[in-house]
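Here is the structure we will look at.
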There are 2 protein chains.
Amino acid sequence: MISRVFGEQRMARSEDGGDRKPLERLGVREIAKRVGVAPMTVSRVLSNPDMVAPATRAKVLEAIEAAGFVPNRLASSMKGNGRIIGTVVPPLINSGIAEQVQGMSDECHQGGYSMLLVQGEFTTEAEEASIRTLLGWRPAGMILQSFVQSEVARQLLVSSGAPVVEISEIKGRQPIDMVVGVSNFETAYAMTMHLAAKGYKRIGFVSTPIHGNDRLQQRRTGYHAALSELGIKNHASLEVEVPITAAGGAEALVTLTERHADIDAIFFSSDTLAIGAVQECHRRGWAIPDRIGIAGYGDMDLAAQLYPPLTTVKVNRYEMGRRAVRQLLDRLGGKQKLATITSLGFEIVDRESA
Amino acid sequence: MISRVFGEQRMARSEDGGDRKPLERLGVREIAKRVGVAPMTVSRVLSNPDMVAPATRAKVLEAIEAAGFVPNRLASSMKGNGRIIGTVVPPLINSGIAEQVQGMSDECHQGGYSMLLVQGEFTTEAEEASIRTLLGWRPAGMILQSFVQSEVARQLLVSSGAPVVEISEIKGRQPIDMVVGVSNFETAYAMTMHLAAKGYKRIGFVSTPIHGNDRLQQRRTGYHAALSELGIKNHASLEVEVPITAAGGAEALVTLTERHADIDAIFFSSDTLAIGAVQECHRRGWAIPDRIGIAGYGDMDLAAQLYPPLTTVKVNRYEMGRRAVRQLLDRLGGKQKLATITSLGFEIVDRESA
DNA sequence: ATCAGCTATTATACTATTATAAGTGTCAAG
DNA sequence: CTTGACACTTATAATAGTATAATAGCTGAT
């Protein structure tokens with residue numbers, strides 16, 4: 001039966017080359033007609049099977065199966081049963097974002113939601129446009145990276161009524177609704193102190209472009225706080241900003257070591273950068289950590305396998321994604337007393353590169 | 001004006017802890033009432049501004065702005081103007097998929113579409129479930145990885161009437177509709193021959209789990225074809241399957257070199273594996289490429305920066321994602337004479353690791 | 001003065017599902 | 001023999017935007 005439709009469709013398509021329309025609209029009405037019940041009964045078989053008599057249910061399910069009917073979620077969403085979680089993410093390449101998206105996706109799937117994903121830059125206009133697009137789909141919940149900059153976008157989010165999770169630095173400005181994240185300040189402070197404790201005297205800091213990114217700002221602030229506590233001043237020349245690529249990391253290593261011959265350790269705000277720097281050391285024949293100590297951030301898969309293994313900050317990004325979705329689903333499920341701020345822990349993974 | 005709504009919403013939310021509802025439903029009808037025109041006029045301002053007199057248009061836009069109105073795309077999609085591209089992707093971590101998703105996302109965005117992303121495994125049941133979920137949103141087009149296994153899913157896709165792109169091996173079974181990809185057979189054949197031409201005599205092959213993945217199957221077949229042509233037989237013991245992690249690559253290197261002391265090169269089906277193997281060589285103090293040659297697949301960012309730089313197969317995954325979406329949009333735009341198969345080129349990037 | 005021809009606007013109806021209220025039918029208790 | 005309770009089913013209306021056809025208002029030609 002389905003295979004007949006198959007054939008017809010193929011023909012229809014090749015005839016008019018793109019003007020597609022089903023031969024007979026397949027919906028709860030059509031299924032209901034075929035079974036001889038009201039559309040509402042079919043609807044209930046799909047969403048509240050217990051409210052339908054077993055015999056009727058079986059007949060309906062059989063007809064659904066035979067027709068290859070997939071219920072239209074657009075229509076059900078219009079009645080307020082939206083099952084979309086919207087999210088804006090920065091570029092997936094070379095950052096821990098992919099793992100986070102994986103976590104979000106898994107948790108969404110488990111909860112019966114679909115994930116609408118928009119990639120956007122960290123500029124105010126792009127952010128606002130992305131959020132507008134997502135809100136157009138009337139998502140049940142929204143997940144955003146970093147704090148939302150655009151005031152207009154914040155207002156749109158609030159008046160949409162959807163619960164919002166910002167995955168971000170947990171300290172700082174007032175969240176729109178809920179926050180999930182780590183204290184980037186703490187992580188960077190801890191790593192810098194860790195390096196100092198290991199005997200490094202002059203510690204550089206390399207980050208990817210900081211502008212508009214709360215997390216990176218907090219990491220830098222944490223680094224600064226540690227240096228202050230160590231009594232180190234005038235550290236501006238110990239910092240560089242480079243693009244988030246392995247080449248960027250290599251370049252930063254060169255820049256900093258040329259600037260300061262006595263620099264003995266560098267803390268990179270991302271493993272990708274640190275790994276690039278390690279390769280540059282190999283090229284130069286520099287021993288790690290004897291000539292220079294290298295520390296990263298993220299503990300990506302390769303970090304432990306790297307030669308030498310990378311000392312880094314481990315943050316469970318996958319779990320972060322899951323928790324963000326979980327917060328939304330808990331709220332949607334009417335759970336009371338929901339934490340506004342969820343702080344995940346972190347670890348300083350001490351390996352051999354520093 | 002918006003800020004007032006802001007305040008009210010915050011209060012409403014904190015009172016009932018989750019039971020959210022807009023104070024007055026904001027839609028084209030509401031905007032129309034405020035401006036004193038028909039809802040249809042508001043609708044046209046949004047989708048066909050040229051059909052509305054400039055003076056009216058300005059008044060409507062002003063009201064939209066003031067109210068912070070975001071049109072409901074669910075409703076417009078129901079009239080057949082769907083703007084969703086659905087896609088099922090394998091896990092984003094440690095594969096080139098992230099770049100591809102980036103490409104898809106960019107192109108979708110440019111064409112005014114949103115991307116609904118579902119992560120699914122390569123099992124038949126999971127695939128079918130993911131496709132069902134996506135079709136429920138009545139997407140304007142669908143993009144799938146590898147060929148769709150499930151016959152039921154294939155039929156559902158066809159009868160949905162949406163154009164479908166499979167990003168996959170370009171040779172092999174009949175596509176549902178269109179294919180974008182490279183000949184994985186050619187790439188693997190070319191790399192194997194390249195290694196042979198460089199003088200390697202005993203070339204191993206390491207891949208991630210092949211089952212259900214056309215691309216990997218074709219790569220292996222290409223490797224086999226090259227070996228045959230080189231007169232090498234009984235190569236089964238030169239092959240290993242490992243998980244797609246750096247540790248997997250290291251493990252494969254150990255397994256193969258223990259099995260065959262004379263193995264002099266290994267072709268990995270992914271850069272991630274190859275990079276892991278290179279680290280293992282460093283740990284063992286093996287010179288690359290003198291002790292063993294290492295080749296990867298994908299040319300990820302790190303490949304060129306690696307020490308030693310990685311010889312690999314370069315496939316433009318970002319472009320692949322873009323082209324897949326472009327095919328869909330061209331078809332939706334009614335373009336005739338659309339290629340059924342789009343084959344992208346590849347390069348053997350000869351660096352120092354082999 | 002009338003009417004075609006045009007632009008700008010409006011009224012109606014439709015998309016697919018589902019919340020709600022109203023309606024069946026059956027059985028047991030009064 | 002009615003009544004109430006219950007399980008199941010159906011009719012109606014609502015969600016929000018838009019295609020379509022109809023209408024209003026205006027210009028210029030007949």
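Lettering and numbering for the structure tokens are positional, with chains as A, B, ... in the shown order, residues counted from 1 in each chain, and ligands counted from 1 in the shown order.
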Starting from chain A, keep only residues with some atom at most 6 Å from an atom of chain B, counting only C-alpha atoms, and report them as a count of residues only. 22
Using DSSP on the backbone coordinates, identify all residues within stretch 177-304 of chain B classified as alpha helix (DSSP H); present the result as a VMD selection string. chain B and resid 184 to 197 214 to 229 246 to 259 271 to 284 301 to 304
Could you write out as a list in words the residues of chain A within 7 Å of chain D, counting only C-alpha atoms (C1' of nucleotides)?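 Result: Ala38, Val52, Ala53, Met78 and Lys79 of chain A.
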Those residues you just picked out, can you put them in a file as a PDB file, in the first residue's frame with C-alpha atoms?
```pdb
ATOM      1  CA  ALA A  38     -14.128  10.889  15.252  1.00  0.00           C
ATOM      2  CA  VAL A  52      -9.489   5.053  24.406  1.00  0.00           C
ATOM      3  CA  ALA A  53     -11.013   1.577  24.558  1.00  0.00           C
ATOM      4  CA  MET A  78      -0.331  25.660  18.003  1.00  0.00           C
ATOM      5  CA  LYS A  79      -2.561  24.381  20.733  1.00  0.00           C
TER       6      LYS A  79
END
```
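Atom CA of A:Ile263 is found 12.5 Å from atom CA of A:Leu195.
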Give the residues of chain C that lie within 8 Å of chain B; count only C-alpha atoms (C1' of nucleotides), and format the answer as number ranges by chain. C: 8-10, 15-16
Pull N, CA and C atoms (P, O5', C5', C4', C3', O3' and C1' of nucleotides) from the residues just selected and write them as a CSV table (one decimal), in the first residue's frame.
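As written to disk, again_1.csv reads:
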```
chain,number,residue,atom,x,y,z
C,8,DA,P,-0.4,50.2,-4.4
C,8,DA,O5',-1.6,50.1,-3.4
C,8,DA,C5',-2.4,51.2,-3.0
C,8,DA,C4',-3.5,50.8,-2.1
C,8,DA,C3',-3.0,50.0,-0.9
C,8,DA,O3',-3.5,50.6,0.3
C,8,DA,C1',-4.8,48.9,-1.9
C,9,DT,P,-3.2,50.0,1.7
C,9,DT,O5',-4.4,49.1,2.0
C,9,DT,C5',-5.7,49.7,2.1
C,9,DT,C4',-6.8,48.7,2.1
C,9,DT,C3',-6.8,47.7,3.3
C,9,DT,O3',-7.8,48.1,4.2
C,9,DT,C1',-7.4,46.7,1.3
C,10,DT,P,-8.0,47.3,5.6
C,10,DT,O5',-9.1,46.3,5.2
C,10,DT,C5',-10.3,46.8,4.6
C,10,DT,C4',-11.2,45.6,4.3
C,10,DT,C3',-11.4,44.6,5.4
C,10,DT,O3',-12.8,44.3,5.5
C,10,DT,C1',-10.7,43.5,3.4
C,15,DT,P,-8.5,22.5,4.4
C,15,DT,O5',-7.1,22.7,5.1
C,15,DT,C5',-5.9,23.0,4.3
C,15,DT,C4',-4.8,23.2,5.3
C,15,DT,C3',-4.7,22.2,6.4
C,15,DT,O3',-3.8,21.2,6.0
C,15,DT,C1',-4.4,24.5,7.2
C,16,DA,P,-4.2,19.7,6.3
C,16,DA,O5',-3.9,19.6,7.9
C,16,DA,C5',-2.6,19.6,8.3
C,16,DA,C4',-2.5,19.4,9.8
C,16,DA,C3',-3.2,18.1,10.2
C,16,DA,O3',-2.4,17.5,11.2
C,16,DA,C1',-4.2,20.0,11.4
```
